[in-house]
Amino acid sequence: MADIIDYKIIGDDMQLVEIELDPGEGVRAEAGAMMYIEDGIEMQTNTGGGFFKGLKRMIVGESFFVTNFINSSSGKKHVAFGAPYPGKVIPIDLIKFGGEFICQKDSYLCSAAGIDIEIAFTKKIGAGLFGGEGFILERLVGDGLAFVHAGGMIIEKNLLPGESLRVDTGCVVGFSNTVDYDIQFVGGFKNALFGGEGLFLTRLTGPGIVYLQSLPFSRLADRIYSAARFKNQGETKGIDGIGGNLLGGLFGGDSKW
């Protein structure tokens, strides 16, 4: 039975979630997600279920440890968790999702104590070989609140039975456990080579709710890297040109020094 927690989402484009804990209540989060805690809240860092659970998370790129924040005082206390990059925080009531929700491994932010966090590998070989960011997912199991983070804007789609949606893999935040997840070839020689969307798309088939993000972190990181590389190349050329002219003037054959 998960703790029943109250919360408040603060901010617009760079949101955080502030959680109010009654005496004895707790919340858990990946290491490094906490923004602030009030006096009376104790931090308890552990593997979240034993050595092998921690090792499994570490192998797939997550932190080996999770941190529990327990209100050990006699009054209400608050703890806040900040989003890692610009975007929105989505509250997920697991009861409304049948006690289970699937999300991208980088989107999980925090959850009420009592929510089990499991690593979920995609079952289909196509998704495993070509899914990229979608190959390794997290399964949130329990009957309380969990919070996931989406980059940019949130798009919620309610898929009907048999209804499908093809999505860029990085744009998937999470979905109901009733949604079928698979990978599909983008199709067409020109599309594959020059479309700029990669060779494969994620295919989500209902019924169930799907959350998408307009700015996946991988896309943001690629743009920043490209811009930084272009700028550095321009600066290097500029410096070389200026330096060459100065050295040529100082040490050239026409110099009077």
# chains A, B, ... in the order shown; residues from 1 in each chain; ligands from 1
call {"tool": "residues_around", "arguments": {"residues": "Met14 (chain A)", "least_positions_apart": "2", "cutoff": "9 Å", "atoms": "only C-alpha atoms", "output": "list in words"}}
result
Ile10, Gly11, Asp12, Leu16, Gly82, Ala83, Pro84, Tyr85, Pro86, Gly87, Lys88 and Val89 of chain A
call {"tool": "select_by_dssp", "arguments": {"residues": "region 15-180 of chain A", "states": "strand (DSSP E or B)", "output": "VMD selection string"}}
result
chain A and resid 16 to 21 26 to 30 34 to 37 41 to 46 66 to 71 77 to 82 87 to 93 100 to 104 108 to 112 116 to 121 136 to 141 145 to 151 154 to 159 164 to 167 172 to 176 180
call {"tool": "closest_residue", "arguments": {"among": "A:Tyr181, A:Phe175, A:Tyr36, A:Phe217", "to": "Arg203 (chain A)", "atoms": "only C-alpha atoms"}}
result
A:Tyr181
call {"tool": "closest_residue", "arguments": {"among": "A:Gly75, A:Glu42, A:Arg28, A:Lys157", "to": "Ile117 (chain A)", "atoms": "only C-alpha atoms"}}
result
A:Arg28
call {"tool": "residues_around", "arguments": {"residues": "Ser164 (chain A)", "least_positions_apart": "2", "cutoff": "7 Å", "atoms": "only C-alpha atoms", "output": "list in words"}}
result
Gly162, Arg166, Arg203, Leu204, Thr205 and Gly206 of chain A
call {"tool": "write_last_selection", "arguments": {"atoms": "all heavy atoms", "output": "PDB file, in the first residue's frame"}}
result
ATOM      1  N   GLY A 162      -7.277  -0.851 -31.055  1.00  0.00           N
ATOM      2  CA  GLY A 162      -6.837  -1.022 -32.429  1.00  0.00           C
ATOM      3  C   GLY A 162      -6.303   0.239 -33.087  1.00  0.00           C
ATOM      4  O   GLY A 162      -5.708   0.168 -34.168  1.00  0.00           O
ATOM      5  N   ARG A 166       2.144   6.435 -34.867  1.00  0.00           N
ATOM      6  CA  ARG A 166       3.585   6.288 -35.094  1.00  0.00           C
ATOM      7  C   ARG A 166       4.285   7.543 -34.589  1.00  0.00           C
ATOM      8  O   ARG A 166       3.921   8.654 -34.943  1.00  0.00           O
ATOM      9  CB  ARG A 166       3.876   6.057 -36.580  1.00  0.00           C
ATOM     10  CG  ARG A 166       3.461   4.678 -37.062  1.00  0.00           C
ATOM     11  CD  ARG A 166       3.759   4.481 -38.521  1.00  0.00           C
ATOM     12  NE  ARG A 166       2.972   5.390 -39.351  1.00  0.00           N
ATOM     13  CZ  ARG A 166       3.139   5.526 -40.664  1.00  0.00           C
ATOM     14  NH1 ARG A 166       4.082   4.823 -41.285  1.00  0.00           N
ATOM     15  NH2 ARG A 166       2.378   6.348 -41.351  1.00  0.00           N
ATOM     16  N   ARG A 203       5.682   2.444 -32.865  1.00  0.00           N
ATOM     17  CA  ARG A 203       4.255   2.275 -33.160  1.00  0.00           C
ATOM     18  C   ARG A 203       3.535   1.899 -31.865  1.00  0.00           C
ATOM     19  O   ARG A 203       3.830   0.878 -31.247  1.00  0.00           O
ATOM     20  CB  ARG A 203       4.048   1.195 -34.220  1.00  0.00           C
ATOM     21  CG  ARG A 203       2.597   1.071 -34.690  1.00  0.00           C
ATOM     22  CD  ARG A 203       2.462  -0.019 -35.753  1.00  0.00           C
ATOM     23  NE  ARG A 203       1.116  -0.040 -36.315  1.00  0.00           N
ATOM     24  CZ  ARG A 203       0.733   0.665 -37.365  1.00  0.00           C
ATOM     25  NH1 ARG A 203       1.611   1.447 -37.989  1.00  0.00           N
ATOM     26  NH2 ARG A 203      -0.498   0.600 -37.806  1.00  0.00           N
ATOM     27  N   LEU A 204       2.604   2.731 -31.457  1.00  0.00           N
ATOM     28  CA  LEU A 204       1.812   2.515 -30.247  1.00  0.00           C
ATOM     29  C   LEU A 204       0.372   2.200 -30.659  1.00  0.00           C
ATOM     30  O   LEU A 204      -0.240   2.962 -31.417  1.00  0.00           O
ATOM     31  CB  LEU A 204       1.852   3.753 -29.360  1.00  0.00           C
ATOM     32  CG  LEU A 204       3.255   4.191 -28.896  1.00  0.00           C
ATOM     33  CD1 LEU A 204       3.196   5.573 -28.269  1.00  0.00           C
ATOM     34  CD2 LEU A 204       3.845   3.186 -27.925  1.00  0.00           C
ATOM     35  N   THR A 205      -0.151   1.093 -30.152  1.00  0.00           N
ATOM     36  CA  THR A 205      -1.495   0.656 -30.525  1.00  0.00           C
ATOM     37  C   THR A 205      -2.354   0.523 -29.278  1.00  0.00           C
ATOM     38  O   THR A 205      -1.950  -0.123 -28.303  1.00  0.00           O
ATOM     39  CB  THR A 205      -1.449  -0.690 -31.281  1.00  0.00           C
ATOM     40  OG1 THR A 205      -0.576  -0.569 -32.416  1.00  0.00           O
ATOM     41  CG2 THR A 205      -2.837  -1.083 -31.760  1.00  0.00           C
ATOM     42  N   GLY A 206      -3.547   1.148 -29.323  1.00  0.00           N
ATOM     43  CA  GLY A 206      -4.445   1.160 -28.191  1.00  0.00           C
ATOM     44  C   GLY A 206      -5.149  -0.167 -27.960  1.00  0.00           C
ATOM     45  O   GLY A 206      -4.958  -1.131 -28.715  1.00  0.00           O
TER      46      GLY A 206
END
call {"tool": "residues_around", "arguments": {"residues": "Gly99 (chain A)", "least_positions_apart": "3", "cutoff": "10 Å", "atoms": "only C-alpha atoms", "output": "PyMOL selection string"}}
result
chain A and resi 93-96+115+140-144+176-177
call {"tool": "write_last_selection", "arguments": {"atoms": "N, CA, C and O atoms", "output": "tab-separated table (two decimals), in the first residue's frame"}}
result
chain	number	residue	atom	x	y	z
A	93	ASP	N	-1.55	8.90	-11.41
A	93	ASP	CA	-2.27	8.16	-10.37
A	93	ASP	C	-2.37	6.71	-10.84
A	93	ASP	O	-3.15	6.38	-11.74
A	94	LEU	N	-1.56	5.84	-10.26
A	94	LEU	CA	-1.47	4.46	-10.75
A	94	LEU	C	-2.78	3.70	-10.63
A	94	LEU	O	-3.02	2.75	-11.38
A	95	ILE	N	-3.62	4.10	-9.70
A	95	ILE	CA	-4.93	3.43	-9.56
A	95	ILE	C	-5.73	3.59	-10.85
A	95	ILE	O	-6.41	2.67	-11.32
A	96	LYS	N	-5.65	4.79	-11.47
A	96	LYS	CA	-6.39	5.05	-12.71
A	96	LYS	C	-5.80	4.30	-13.90
A	96	LYS	O	-6.44	4.20	-14.95
A	115	ILE	N	5.58	2.55	-4.00
A	115	ILE	CA	5.54	2.31	-5.43
A	115	ILE	C	6.79	1.54	-5.82
A	115	ILE	O	7.91	1.93	-5.48
A	140	LEU	N	6.26	1.27	-13.42
A	140	LEU	CA	5.87	1.77	-12.10
A	140	LEU	C	4.66	0.97	-11.64
A	140	LEU	O	3.63	0.96	-12.32
A	141	VAL	N	4.78	0.31	-10.50
A	141	VAL	CA	3.74	-0.60	-10.03
A	141	VAL	C	3.30	-0.19	-8.63
A	141	VAL	O	4.14	0.05	-7.76
A	142	GLY	N	1.99	-0.12	-8.40
A	142	GLY	CA	1.47	0.22	-7.08
A	142	GLY	C	0.11	0.86	-7.16
A	142	GLY	O	-0.58	0.81	-8.19
A	143	ASP	N	-0.28	1.51	-6.06
A	143	ASP	CA	-1.62	2.11	-5.99
A	143	ASP	C	-1.55	3.55	-5.52
A	143	ASP	O	-2.48	4.05	-4.87
A	144	GLY	N	-0.45	4.25	-5.82
A	144	GLY	CA	-0.31	5.63	-5.37
A	144	GLY	C	0.11	6.55	-6.50
A	144	GLY	O	-0.06	6.25	-7.69
A	176	SER	N	-0.08	3.62	-20.90
A	176	SER	CA	-0.77	2.59	-20.12
A	176	SER	C	-0.20	1.22	-20.46
A	176	SER	O	0.28	0.99	-21.57
A	177	ASN	N	-0.30	0.30	-19.50
A	177	ASN	CA	0.23	-1.04	-19.76
A	177	ASN	C	-0.62	-1.81	-20.76
A	177	ASN	O	-0.25	-2.90	-21.21
call {"tool": "atom_distance", "arguments": {"atom1": "CA of Thr169 (chain A)", "atom2": "CA of Leu201 (chain A)"}}
result
5.9 Å
call {"tool": "closest_residue", "arguments": {"among": "A:Phe101, A:Phe81, A:Phe200, A:Phe185", "to": "Leu145 (chain A)", "atoms": "only C-alpha atoms"}}
result
A:Phe101
call {"tool": "residues_around", "arguments": {"residues": "Gly174 (chain A)", "least_positions_apart": "3", "cutoff": "8 Å", "atoms": "only C-alpha atoms", "output": "list in words"}}
result
Phe101, Ile102, Cys103, Gln104, Val210, Tyr211 and Leu212 of chain A
call {"tool": "write_last_selection", "arguments": {"atoms": "C-alpha atoms", "output": "compact mmCIF listing (two decimals), in the first residue's frame"}}
result
# COMPACT_ATOMS: atom_id res chain seq x y z
CA PHE A 101 2.37 2.50 -15.89
CA ILE A 102 5.22 2.20 -18.42
CA CYS A 103 7.58 5.13 -18.95
CA GLN A 104 10.89 5.99 -20.59
CA VAL A 210 -0.09 7.80 -24.24
CA TYR A 211 1.96 10.81 -23.09
CA LEU A 212 4.29 12.44 -25.62
call {"tool": "select_by_dssp", "arguments": {"residues": "region 130-190 of chain A", "states": "helix (DSSP H, G or I)", "output": "ChimeraX atom specification"}}
result
/A:130,132-134,169-171,189-190
call {"tool": "residues_around", "arguments": {"residues": "Ile92 (chain A)", "least_positions_apart": "6", "cutoff": "8 Å", "atoms": "only C-alpha atoms", "output": "list in words"}}
result
Leu145, Ala146, Phe147 and Val148 of chain A
call {"tool": "atom_distance", "arguments": {"atom1": "CA of Gly114 (chain A)", "atom2": "CA of Met1 (chain A)"}}
result
5.9 Å
call {"tool": "residues_around", "arguments": {"residues": "Asp39 (chain A)", "least_positions_apart": "6", "cutoff": "10 Å", "atoms": "only C-alpha atoms", "output": "list in words"}}
result
Asn71, Ser72, Ser73, Lys77, His78 and Val79 of chain A
